[in-house]
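A quick write-up on the structure given underneath.
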Amino acid sequence: MGYSGSVGLCTVVWILSGFISSLSAMCVAELSTVVPKSGGAYAYFFAAYADLHQFFGPLPSFLYMWVILLINTPCSLALTSMIFASYVYGTFRPLVTEEFNSHYETILKDILGISVLLAVGIMNYFSTKSYSYMQNYFTVSKMFGCLYVILGGLYMVVTGKGKPVQFTFDGSKITLDSLVMAFYYGIYTYNGWSSVAGVTEEIKKPDKNILRSVILSLATLTVLFVMMNYAYLTAMSIPDFILSDAVAVDFGNEVFGRGKIIISVFVAMSLIGSSLSTVFYSSRLWFAAARNGQVAEFLSYIHKKRMTPTPAVIVEVGLALIFFLLGRSIVDLIKLIAYLIWIFNTLTMITVYVLRYRQPLANRPHKVLLVVPALVATVYTVMTVVPLITQPPTRYIVSALLVLLGIVFYYPFVFRQRPAMSKVSDKLSRFIQDILHVEPQTAE
């Protein structure tokens, strides 16, 4: 809303962002049938480019893993845990004295945040089925949370207590910079769909269900997002809406009174569900990278009985705990990495053409029209280039340095694997096998 300036243009951005994301998902659904392996974009980059050049071929997949696994997902997990702790603590804060709050607030928030990180790690550690059941529960809770907000907006309209929401384009900011930034955040909000293809090997009938799941979920989300924005505006002015740090909570204060606590509960459940799926996806990406020799071999091991990638789950949660202890400064780091995601998304669209050329006879039960990846790649390219010109350059310089650091790490530890390093890796792998009861994957 801040970048679009009007209800009409904001709504158009939400709808088009959902549509562009759906086109992207259709391209990835095709790639998931050509490369039916876990890892998502990582697996597609490795299949398309790894054998083209000894040094540069495997580099795109390694840099994707470097940015997503070592920075983006653990930072996101840590931030989600912080927000969870703030919401839960804020809900129960009125029940305790001010003296207690001032002395123990930080400690209690840290305990809550660390506890939720450990809980989602344990759920992913013990069983894929238990993860699935819990994820279904939290998904339904999230849906009810969205509907609760929408019903609140409907109540405001029916009772005449709400502000009239007019679908107009008055005040729209029709500049290239504003439009690009509006779509930047709109499309980023939908970006979780890419996780589905990251766990291809654990999906029943992936040739059908990946496409079904992303299209159905994105269509549902587009409708929910648009309706929720209208609901918010029945109780909030556009300036208040733009300035709010927690729109749903401010909306609850205006509409539900004591019932606002329900929104806090739904937000907390949503955050747990988000953390669960992040650990699930990222552990499979570690697994895929280790299987290709780009990280330590033991990260590709699975538990003998539980059939979960136990070492990968432990490493990802461990990294998240480290970033959690670094505090809110990680928000700036996430903003830096968000820019790089558009570059990887553009490369994913290009990979559709590369694999069409290199593997023309591969199984493709659903082929997208060739204009689709070109259209999506153009959108992502514009979202990459325009901020470079119009926004402060600091964040992009730091992003480039992070990528450069990945290349510096790649040369000695991945490209030039020394025999001494291999011996250390072998000893570590045997040690991990013994203490965690894991072993290399022997069958699909």
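How things are named: the first chain in the structure tokens is A, the next is B, and so on; residues count from 1 in each chain; ligands count from 1 in the order shown.
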task = Would you mind listing what lies within 6 Å of A:Lys37 as a list in words, with only C-alpha atoms counted and same-chain residues fewer than 2 positions away left out?
result = Val35, Thr200 and Glu201 of chain A
Got time to write the residues from that selection, N, CA, C and O atoms, as an mmCIF file, in the first residue's frame?
```cif
data_model
loop_
_atom_site.group_PDB
_atom_site.id
_atom_site.type_symbol
_atom_site.label_atom_id
_atom_site.label_comp_id
_atom_site.auth_asym_id
_atom_site.auth_seq_id
_atom_site.Cartn_x
_atom_site.Cartn_y
_atom_site.Cartn_z
ATOM 1 N N VAL A 35 13.719 -33.258 -13.356
ATOM 2 C CA VAL A 35 14.714 -33.576 -12.331
ATOM 3 C C VAL A 35 13.944 -33.965 -11.067
ATOM 4 O O VAL A 35 13.753 -33.145 -10.165
ATOM 5 N N THR A 200 10.665 -33.083 -3.399
ATOM 6 C CA THR A 200 10.053 -33.899 -4.444
ATOM 7 C C THR A 200 10.074 -35.387 -4.133
ATOM 8 O O THR A 200 9.093 -36.100 -4.362
ATOM 9 N N GLU A 201 11.193 -35.881 -3.586
ATOM 10 C CA GLU A 201 11.339 -37.322 -3.377
ATOM 11 C C GLU A 201 10.422 -37.875 -2.294
ATOM 12 O O GLU A 201 10.292 -39.087 -2.144
#
```
Closest atom pairs, stretch 180-207 of chain A residues within 10 Å of stretch 278-294 of chain A, only C-alpha atoms, as CSV:
```
residue,atom,partner,partner_atom,distance
A:Gly192,CA,A:Thr278,CA,9.1
A:Ser194,CA,A:Tyr281,CA,9.7
A:Ser195,CA,A:Tyr281,CA,6.0
A:Val196,CA,A:Tyr281,CA,7.9
A:Ala197,CA,A:Tyr281,CA,9.1
A:Gly198,CA,A:Tyr281,CA,6.0
A:Val199,CA,A:Arg284,CA,6.4
A:Thr200,CA,A:Arg284,CA,9.5
A:Glu201,CA,A:Arg284,CA,9.4
A:Glu202,CA,A:Arg284,CA,9.7
```
task = Find the residues near stretch 227-235 of chain A: any atom within 10 Å, counting only C-alpha atoms, skip ones fewer than 5 places away on the same chain, and give them as a PyMOL selection string.
result = chain A and resi 1+7+10-11+14+146-157+160-167+221-222+240-241+247-248+250-255
note = For A:Asn72, the closest of A:Asp426, A:Glu316, A:Asp434, A:Glu105 counting only C-alpha atoms is A:Glu316
ask   = What is the atom CA of A:Val295 to atom CA of A:Ala338 distance in Å?
value =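 Interatomic distance, atom CA of A:Val295 to atom CA of A:Ala338: 23.0 Å.
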request  = Measuring atom to atom with only C-alpha atoms, identify which of A:Ile330, A:Val408, A:Leu276, A:Met307 is nearest to A:Pro440.
outcome  =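 The closest residue to A:Pro440 is A:Met307.
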